[in-house]
Each structure stands twice: as C-alpha cells, then as structure tokens.
file run-v9.pdb (PDB, C-alpha atoms)
MODEL        1
ATOM      1  CA  MET A   1      12.695 -11.351  14.938  1.00  0.00           C
ATOM      2  CA  SER A   2       9.395 -13.219  14.740  1.00  0.00           C
ATOM      3  CA  GLU A   3       7.165 -13.305  11.656  1.00  0.00           C
ATOM      4  CA  GLU A   4       4.609 -10.870  13.091  1.00  0.00           C
ATOM      5  CA  GLN A   5       7.307  -8.351  14.094  1.00  0.00           C
ATOM      6  CA  ALA A   6       8.731  -8.456  10.589  1.00  0.00           C
ATOM      7  CA  LEU A   7       5.214  -8.063   9.191  1.00  0.00           C
ATOM      8  CA  ILE A   8       4.093  -4.909  10.983  1.00  0.00           C
ATOM      9  CA  ASN A   9       5.864  -2.324  13.111  1.00  0.00           C
ATOM     10  CA  ILE A  10       3.764  -0.839  15.913  1.00  0.00           C
ATOM     11  CA  THR A  11       6.028   1.884  17.286  1.00  0.00           C
ATOM     12  CA  GLU A  12       6.488   2.566  20.979  1.00  0.00           C
ATOM     13  CA  GLY A  13       4.445   5.783  20.645  1.00  0.00           C
ATOM     14  CA  ALA A  14       1.569   3.912  18.994  1.00  0.00           C
ATOM     15  CA  GLU A  15       1.730   1.140  21.592  1.00  0.00           C
ATOM     16  CA  GLU A  16       1.487   3.688  24.432  1.00  0.00           C
ATOM     17  CA  HIS A  17      -1.403   5.454  22.662  1.00  0.00           C
ATOM     18  CA  PHE A  18      -3.371   2.225  22.213  1.00  0.00           C
ATOM     19  CA  ALA A  19      -2.607   1.107  25.795  1.00  0.00           C
ATOM     20  CA  GLY A  20      -4.185   4.356  27.031  1.00  0.00           C
ATOM     21  CA  LEU A  21      -7.286   3.850  24.873  1.00  0.00           C
ATOM     22  CA  LEU A  22      -7.595   0.201  25.857  1.00  0.00           C
ATOM     23  CA  SER A  23      -7.413   0.967  29.595  1.00  0.00           C
ATOM     24  CA  SER A  24     -11.105   1.961  29.482  1.00  0.00           C
ATOM     25  CA  GLN A  25     -12.113  -1.194  27.593  1.00  0.00           C
ATOM     26  CA  GLY A  26     -12.928  -4.646  28.921  1.00  0.00           C
ATOM     27  CA  GLU A  27     -10.254  -6.935  30.349  1.00  0.00           C
ATOM     28  CA  GLY A  28      -8.106  -8.541  27.641  1.00  0.00           C
ATOM     29  CA  THR A  29      -9.285  -6.249  24.816  1.00  0.00           C
ATOM     30  CA  GLY A  30      -6.627  -5.758  22.165  1.00  0.00           C
ATOM     31  CA  ILE A  31      -6.551  -4.190  18.729  1.00  0.00           C
ATOM     32  CA  ARG A  32      -7.327  -5.686  15.331  1.00  0.00           C
ATOM     33  CA  VAL A  33      -5.306  -4.534  12.309  1.00  0.00           C
ATOM     34  CA  PHE A  34      -6.855  -5.154   8.895  1.00  0.00           C
ATOM     35  CA  VAL A  35      -7.056  -3.990   5.294  1.00  0.00           C
ATOM     36  CA  VAL A  36     -10.406  -3.216   3.676  1.00  0.00           C
ATOM     37  CA  ASN A  37     -10.481  -3.947  -0.095  1.00  0.00           C
ATOM     38  CA  PRO A  38      -6.941  -5.408  -0.040  1.00  0.00           C
ATOM     39  CA  GLY A  39      -5.083  -5.585  -3.320  1.00  0.00           C
ATOM     40  CA  THR A  40      -7.236  -2.905  -4.979  1.00  0.00           C
ATOM     41  CA  PRO A  41      -6.715   0.823  -5.618  1.00  0.00           C
ATOM     42  CA  HIS A  42      -9.351   1.430  -2.891  1.00  0.00           C
ATOM     43  CA  ALA A  43      -7.479  -0.472  -0.156  1.00  0.00           C
ATOM     44  CA  GLU A  44      -7.420   1.121   3.281  1.00  0.00           C
ATOM     45  CA  CYS A  45      -5.647   0.006   6.432  1.00  0.00           C
ATOM     46  CA  GLY A  46      -7.630   0.114   9.655  1.00  0.00           C
ATOM     47  CA  VAL A  47      -7.386  -0.538  13.376  1.00  0.00           C
ATOM     48  CA  SER A  48     -10.249  -1.349  15.738  1.00  0.00           C
ATOM     49  CA  TYR A  49     -10.814  -2.624  19.260  1.00  0.00           C
ATOM     50  CA  CYS A  50     -10.771  -6.404  19.500  1.00  0.00           C
ATOM     51  CA  PRO A  51     -12.427  -7.893  22.592  1.00  0.00           C
ATOM     52  CA  THR A  52     -11.359 -11.446  23.443  1.00  0.00           C
ATOM     53  CA  ASP A  53     -14.611 -12.906  22.043  1.00  0.00           C
ATOM     54  CA  ALA A  54     -13.893 -11.297  18.651  1.00  0.00           C
ATOM     55  CA  VAL A  55     -10.501 -12.981  18.131  1.00  0.00           C
ATOM     56  CA  GLU A  56     -10.632 -15.312  15.122  1.00  0.00           C
ATOM     57  CA  LYS A  57      -8.813 -18.661  15.258  1.00  0.00           C
ATOM     58  CA  ASP A  58      -6.745 -17.845  12.171  1.00  0.00           C
ATOM     59  CA  ASP A  59      -5.687 -14.356  13.342  1.00  0.00           C
ATOM     60  CA  LEU A  60      -1.983 -13.706  13.680  1.00  0.00           C
ATOM     61  CA  THR A  61      -1.281 -12.588  17.268  1.00  0.00           C
ATOM     62  CA  MET A  62       1.348  -9.985  18.141  1.00  0.00           C
ATOM     63  CA  GLU A  63       2.054  -9.951  21.858  1.00  0.00           C
ATOM     64  CA  LEU A  64       2.930  -6.410  22.909  1.00  0.00           C
ATOM     65  CA  LYS A  65       3.847  -5.197  26.424  1.00  0.00           C
ATOM     66  CA  SER A  66       0.340  -4.404  27.670  1.00  0.00           C
ATOM     67  CA  PHE A  67      -2.024  -5.846  25.056  1.00  0.00           C
ATOM     68  CA  ASN A  68      -2.226  -8.090  21.994  1.00  0.00           C
ATOM     69  CA  ALA A  69      -2.608  -6.948  18.401  1.00  0.00           C
ATOM     70  CA  TYR A  70      -4.531  -9.339  16.152  1.00  0.00           C
ATOM     71  CA  ILE A  71      -3.812  -9.303  12.437  1.00  0.00           C
ATOM     72  CA  ASP A  72      -6.714 -10.317  10.230  1.00  0.00           C
ATOM     73  CA  HIS A  73      -5.617 -13.480   8.382  1.00  0.00           C
ATOM     74  CA  ASP A  74      -6.725 -12.308   4.915  1.00  0.00           C
ATOM     75  CA  SER A  75      -4.909  -8.994   5.424  1.00  0.00           C
ATOM     76  CA  ILE A  76      -1.530 -10.536   6.338  1.00  0.00           C
ATOM     77  CA  PRO A  77       0.051 -10.428   2.833  1.00  0.00           C
ATOM     78  CA  TYR A  78      -1.035  -6.787   2.427  1.00  0.00           C
ATOM     79  CA  LEU A  79       0.388  -5.656   5.780  1.00  0.00           C
ATOM     80  CA  GLU A  80       4.009  -6.629   5.136  1.00  0.00           C
ATOM     81  CA  GLU A  81       6.259  -3.692   6.060  1.00  0.00           C
ATOM     82  CA  ALA A  82       3.313  -1.772   7.574  1.00  0.00           C
ATOM     83  CA  VAL A  83       4.024   0.827  10.247  1.00  0.00           C
ATOM     84  CA  ILE A  84       1.605   2.181  12.842  1.00  0.00           C
ATOM     85  CA  ASP A  85       2.950   5.266  14.586  1.00  0.00           C
ATOM     86  CA  TYR A  86       1.670   7.910  16.979  1.00  0.00           C
ATOM     87  CA  GLN A  87       3.344  11.299  17.307  1.00  0.00           C
ATOM     88  CA  LYS A  88       2.323  13.781  19.994  1.00  0.00           C
ATOM     89  CA  ASP A  89       1.860  17.361  18.834  1.00  0.00           C
ATOM     90  CA  ASP A  90       0.261  20.655  19.951  1.00  0.00           C
ATOM     91  CA  MET A  91      -3.197  19.397  18.967  1.00  0.00           C
ATOM     92  CA  GLY A  92      -2.827  16.171  20.983  1.00  0.00           C
ATOM     93  CA  GLY A  93      -1.341  13.699  18.573  1.00  0.00           C
ATOM     94  CA  GLN A  94      -1.463  12.063  15.183  1.00  0.00           C
ATOM     95  CA  LEU A  95      -1.914   8.343  14.520  1.00  0.00           C
ATOM     96  CA  THR A  96      -0.562   7.216  11.164  1.00  0.00           C
ATOM     97  CA  LEU A  97      -0.937   3.871   9.435  1.00  0.00           C
ATOM     98  CA  LYS A  98       1.356   3.228   6.498  1.00  0.00           C
ATOM     99  CA  ALA A  99       0.857  -0.015   4.624  1.00  0.00           C
ATOM    100  CA  PRO A 100       2.851   0.201   1.375  1.00  0.00           C
ATOM    101  CA  ASN A 101       1.591  -3.199   0.220  1.00  0.00           C
ATOM    102  CA  ALA A 102      -2.124  -2.718   0.940  1.00  0.00           C
ATOM    103  CA  LYS A 103      -3.049  -1.869  -2.654  1.00  0.00           C
ATOM    104  CA  ALA A 104      -0.903  -4.593  -4.199  1.00  0.00           C
ATOM    105  CA  ARG A 105       0.328  -7.803  -2.649  1.00  0.00           C
ATOM    106  CA  LYS A 106       4.103  -7.797  -2.400  1.00  0.00           C
ATOM    107  CA  VAL A 107       5.798 -10.087  -4.899  1.00  0.00           C
ATOM    108  CA  ASP A 108       9.141 -11.856  -4.565  1.00  0.00           C
ATOM    109  CA  ASP A 109      12.236 -10.548  -6.319  1.00  0.00           C
ATOM    110  CA  ASP A 110      12.284 -13.688  -8.456  1.00  0.00           C
ATOM    111  CA  ALA A 111       8.606 -13.417  -9.487  1.00  0.00           C
ATOM    112  CA  PRO A 112       7.880 -13.068 -13.236  1.00  0.00           C
ATOM    113  CA  ALA A 113       8.640  -9.583 -14.576  1.00  0.00           C
ATOM    114  CA  ILE A 114       4.977  -8.939 -15.389  1.00  0.00           C
ATOM    115  CA  ASP A 115       4.055  -9.481 -11.705  1.00  0.00           C
ATOM    116  CA  ARG A 116       6.867  -7.230 -10.477  1.00  0.00           C
ATOM    117  CA  ILE A 117       5.822  -4.492 -12.951  1.00  0.00           C
ATOM    118  CA  GLY A 118       2.198  -4.683 -11.767  1.00  0.00           C
ATOM    119  CA  TYR A 119       3.293  -4.490  -8.137  1.00  0.00           C
ATOM    120  CA  LEU A 120       5.563  -1.493  -8.765  1.00  0.00           C
ATOM    121  CA  LEU A 121       2.786   0.339 -10.636  1.00  0.00           C
ATOM    122  CA  GLU A 122       0.270  -0.243  -7.823  1.00  0.00           C
ATOM    123  CA  SER A 123       2.531   0.249  -4.813  1.00  0.00           C
ATOM    124  CA  GLU A 124       4.784   3.100  -5.934  1.00  0.00           C
ATOM    125  CA  ILE A 125       3.711   4.808  -9.157  1.00  0.00           C
ATOM    126  CA  ASN A 126      -0.090   4.960  -8.865  1.00  0.00           C
ATOM    127  CA  PRO A 127      -0.051   6.529  -5.390  1.00  0.00           C
ATOM    128  CA  GLN A 128       1.993   9.393  -6.898  1.00  0.00           C
ATOM    129  CA  LEU A 129      -0.334   9.738  -9.906  1.00  0.00           C
ATOM    130  CA  ALA A 130      -3.384   9.660  -7.618  1.00  0.00           C
ATOM    131  CA  SER A 131      -2.542  13.166  -6.378  1.00  0.00           C
ATOM    132  CA  HIS A 132      -3.450  14.339  -9.903  1.00  0.00           C
ATOM    133  CA  GLY A 133      -6.462  12.038 -10.115  1.00  0.00           C
ATOM    134  CA  GLY A 134      -4.721   9.600 -12.434  1.00  0.00           C
ATOM    135  CA  GLN A 135      -3.532   6.036 -12.626  1.00  0.00           C
ATOM    136  CA  VAL A 136      -1.658   3.732 -14.980  1.00  0.00           C
ATOM    137  CA  SER A 137      -2.031   0.038 -15.697  1.00  0.00           C
ATOM    138  CA  LEU A 138       0.021  -2.529 -17.564  1.00  0.00           C
ATOM    139  CA  ALA A 139      -1.669  -3.520 -20.819  1.00  0.00           C
ATOM    140  CA  GLU A 140       1.098  -5.834 -22.033  1.00  0.00           C
ATOM    141  CA  PHE A 141       4.729  -6.788 -21.454  1.00  0.00           C
ATOM    142  CA  THR A 142       6.277  -7.674 -24.798  1.00  0.00           C
ATOM    143  CA  ASP A 143       8.892 -10.339 -25.512  1.00  0.00           C
ATOM    144  CA  ASP A 144      11.423  -7.597 -26.271  1.00  0.00           C
ATOM    145  CA  GLY A 145      11.004  -5.983 -22.837  1.00  0.00           C
ATOM    146  CA  ILE A 146       8.575  -3.152 -23.554  1.00  0.00           C
ATOM    147  CA  ALA A 147       6.021  -2.360 -20.837  1.00  0.00           C
ATOM    148  CA  VAL A 148       2.906  -1.216 -22.699  1.00  0.00           C
ATOM    149  CA  LEU A 149       0.994   1.138 -20.384  1.00  0.00           C
ATOM    150  CA  LYS A 150      -2.481   2.635 -20.382  1.00  0.00           C
ATOM    151  CA  PHE A 151      -3.204   5.819 -18.450  1.00  0.00           C
ATOM    152  CA  GLY A 152      -6.576   6.708 -16.986  1.00  0.00           C
ATOM    153  CA  GLY A 153      -8.294   9.303 -14.840  1.00  0.00           C
ATOM    154  CA  GLY A 154      -6.578  12.686 -14.758  1.00  0.00           C
ATOM    155  CA  CYS A 155      -3.604  11.366 -16.757  1.00  0.00           C
ATOM    156  CA  GLN A 156      -5.736  10.900 -19.842  1.00  0.00           C
ATOM    157  CA  GLY A 157      -5.535  14.185 -21.737  1.00  0.00           C
ATOM    158  CA  CYS A 158      -2.734  15.562 -19.558  1.00  0.00           C
ATOM    159  CA  GLY A 159      -0.093  17.620 -21.350  1.00  0.00           C
ATOM    160  CA  GLN A 160       2.579  16.425 -18.914  1.00  0.00           C
ATOM    161  CA  VAL A 161       2.083  12.713 -19.566  1.00  0.00           C
ATOM    162  CA  ASP A 162       5.143  12.400 -21.851  1.00  0.00           C
ATOM    163  CA  ALA A 163       7.424  13.790 -19.145  1.00  0.00           C
ATOM    164  CA  THR A 164       5.749  11.620 -16.495  1.00  0.00           C
ATOM    165  CA  LEU A 165       6.213   8.583 -18.709  1.00  0.00           C
ATOM    166  CA  SER A 166       9.862   9.101 -19.680  1.00  0.00           C
ATOM    167  CA  GLU A 167      11.275  10.888 -16.622  1.00  0.00           C
ATOM    168  CA  GLY A 168       9.296   9.057 -13.978  1.00  0.00           C
ATOM    169  CA  ILE A 169       7.694   5.779 -14.885  1.00  0.00           C
ATOM    170  CA  GLU A 170      10.138   4.484 -17.511  1.00  0.00           C
ATOM    171  CA  LYS A 171      13.156   5.439 -15.392  1.00  0.00           C
ATOM    172  CA  THR A 172      11.687   3.753 -12.277  1.00  0.00           C
ATOM    173  CA  LEU A 173      10.667   0.555 -14.099  1.00  0.00           C
ATOM    174  CA  MET A 174      14.023   0.207 -15.876  1.00  0.00           C
ATOM    175  CA  GLU A 175      15.968   0.835 -12.634  1.00  0.00           C
ATOM    176  CA  LYS A 176      14.002  -1.638 -10.533  1.00  0.00           C
ATOM    177  CA  ILE A 177      13.127  -4.323 -13.097  1.00  0.00           C
ATOM    178  CA  PRO A 178      16.098  -5.169 -15.360  1.00  0.00           C
ATOM    179  CA  GLU A 179      13.903  -7.000 -17.893  1.00  0.00           C
ATOM    180  CA  VAL A 180      12.172  -3.705 -18.791  1.00  0.00           C
ATOM    181  CA  LYS A 181      13.949  -2.146 -21.760  1.00  0.00           C
ATOM    182  CA  GLY A 182      11.450   0.676 -22.323  1.00  0.00           C
ATOM    183  CA  VAL A 183       7.814   1.760 -22.049  1.00  0.00           C
ATOM    184  CA  LYS A 184       5.114   2.574 -24.562  1.00  0.00           C
ATOM    185  CA  ASP A 185       1.887   4.509 -23.961  1.00  0.00           C
ATOM    186  CA  ILE A 186      -1.257   3.291 -25.762  1.00  0.00           C
ATOM    187  CA  THR A 187      -3.640   5.802 -24.157  1.00  0.00           C
ATOM    188  CA  GLU A 188      -5.739   7.992 -26.455  1.00  0.00           C
ATOM    189  CA  HIS A 189      -4.949  11.239 -24.636  1.00  0.00           C
ATOM    190  CA  GLU A 190      -7.033  13.460 -26.906  1.00  0.00           C
ATOM    191  CA  GLN A 191     -10.133  11.756 -25.450  1.00  0.00           C
ATOM    192  CA  GLY A 192      -9.371  12.982 -21.920  1.00  0.00           C
ATOM    193  CA  GLU A 193      -9.777  16.276 -20.125  1.00  0.00           C
ATOM    194  CA  ASN A 194      -7.014  18.371 -18.608  1.00  0.00           C
ATOM    195  CA  PRO A 195      -6.593  17.182 -14.997  1.00  0.00           C
ATOM    196  CA  TYR A 196      -5.320  20.401 -13.451  1.00  0.00           C
ATOM    197  CA  TYR A 197      -7.804  22.123 -11.157  1.00  0.00           C
TER     198      TYR A 197
ENDMDL
END

call {"tool": "encode", "arguments": {"input": "run-v9.pdb", "output": "structure tokens"}}
result
Amino acid sequence: MSEEQALINITEGAEEHFAGLLSSQGEGTGIRVFVVNPGTPHAECGVSYCPTDAVEKDDLTMELKSFNAYIDHDSIPYLEEAVIDYQKDDMGGQLTLKAPNAKARKVDDDAPAIDRIGYLLESEINPQLASHGGQVSLAEFTDDGIAVLKFGGGCQGCGQVDATLSEGIEKTLMEKIPEVKGVKDITEHEQGENPYY
C-alpha cells in the first residue's frame, strides 16, 4: 500500500460520485482534498475541483481509476486515516468526509505523554463534549501522573461534569495512556452557566 493510500481512503462510491461530477469539467481536472484551520478546534476537511493549472508542486498525488486526487501539502499530517465516502439514498446521496486527525495532528505511540494526552483530548474527547457546547484542555501533567484539566464552554457550570470526568475522560486517558494515573479538574464551575438547552 502506498503512502497516499494509507493516508486517505476514497471509497469506490465516492470515486464514482466524483468521476460523474468531473465529467463536465475540463480535461484532466481532479479533486483537491484539504483541511482549513488544521490542528485547531475549528478545523474542517474540504474537497474542491482541481484543474491541472491549480496543481501545486508539493501536492501529494493519488492516482485513482478515472482522475487524480491532490492532497494539499500542509494538510497531509491532518488527513491521516481520513475517509471520503458517498452513499446513495432516496434523496440522491450523501457525501461524507471523516478526518479524525484534522483538529489535532496525530502523534506517535512513543511521543511524550503530554503530547499523547493533548491529541486524545482534541481528537476523541472534545468532539464528544462539543455536542454540549463544551471542551476540555490540559493545564498540566504532573510528575506523579495526574492530568490537570480545565473545562470550558458548556462544561463550565455543568452539574454532570464530575461524572463526565470520572466515567468518561479519566477512564479513557488511563486506558489509552498508561502514564496517566488520574485526573484533576481545576475549573471554577460555579462561574459557568448550565449548558442544557
């Protein structure tokens, strides 16, 4: 498997969908895959047409059956394990782009614990908290293995934060990062407002 195939998976359904769209474009037009605001909570994955004169010299090229997909060079680390899929349905179809590493650059298993904690918070935990308008960040990782966390947004002032912390976040961090021995919350929750609408 080549590097670009390991990087991003454009399913057969998505490839057929794009081939149909590209048939009305100029000769040699492909697609560009990119991440806007990579490595931030506001990161978004996108796809656009890419005529031959718009191909950048440092793009990563994926050669598909009927067209090329060009991966924006700066987006490459944030598109690892990305999947672009297209499913037909009664309304026509649904294109989905899933880029689990868009908000946080993937780190190696042997990276320092503080980097792995930050990645796990951004890639797995914060997307779940975002549905309640909240987020959590790492304030400190102590020498004795305590991840000191600070909640924000809808989590600040939330009555469920203790359960979220112990049943969700602490359990996940301790399972996936052996150096984490526990978590501590330093958020002043009485300053927040209840997040439930």

call {"tool": "residues_near_point", "arguments": {"input": "run-v9.pdb", "point": "(-4.7, -10.0, 12.5)", "cutoff": "8 Å", "atoms": "only C-alpha atoms", "output": "list in words"}}
result
Arg32, Val33, Phe34, Asp59, Leu60, Thr61, Ala69, Tyr70, Ile71, Asp72, His73, Ser75 and Ile76 of chain A

call {"tool": "closest_residue", "arguments": {"input": "run-v9.pdb", "among": "A:Val55, A:Ile186, A:Leu120, A:Val35", "to": "Ile146 (chain A)", "atoms": "all atoms listed in the file"}}
result
A:Ile186

call {"tool": "closest_residue", "arguments": {"input": "run-v9.pdb", "among": "A:Glu124, A:Glu63, A:Glu56, A:Glu16", "to": "Asp85 (chain A)", "atoms": "all atoms listed in the file"}}
result
A:Glu16

call {"tool": "atom_distance", "arguments": {"input": "run-v9.pdb", "atom1": "CA of Ala99 (chain A)", "atom2": "CA of Lys65 (chain A)"}}
result
22.6 Å

call {"tool": "resolve_selection", "arguments": {"input": "run-v9.pdb", "expression": "the PyMOL selection byres ((chain A and resi 66) around 10)", "output": "PyMOL selection string"}}
result
chain A and resi 15-16+18-20+22-23+28+30+63-65+67-68

call {"tool": "atom_distance", "arguments": {"input": "run-v9.pdb", "atom1": "CA of Asp74 (chain A)", "atom2": "CA of Gly39 (chain A)"}}
result
10.8 Å

call {"tool": "resolve_selection", "arguments": {"input": "run-v9.pdb", "expression": "the PyMOL selection byres ((chain A and resi 108-110) around 12)", "output": "ChimeraX atom specification"}}
result
/A:77,105-107,111-117,119-120,176-179

call {"tool": "atom_distance", "arguments": {"input": "run-v9.pdb", "atom1": "CA of Gln87 (chain A)", "atom2": "CA of Ser123 (chain A)"}}
result
24.7 Å

call {"tool": "resolve_selection", "arguments": {"input": "run-v9.pdb", "expression": "the PyMOL selection byres ((chain A and resi 139-143) around 10)", "output": "PyMOL selection string"}}
result
chain A and resi 113-114+117-118+136-138+144-151+179-181+183-186

call {"tool": "closest_residue", "arguments": {"input": "run-v9.pdb", "among": "A:Thr29, A:Thr187, A:Ala130, A:Gly168", "to": "Pro41 (chain A)", "atoms": "all atoms listed in the file"}}
result
A:Ala130
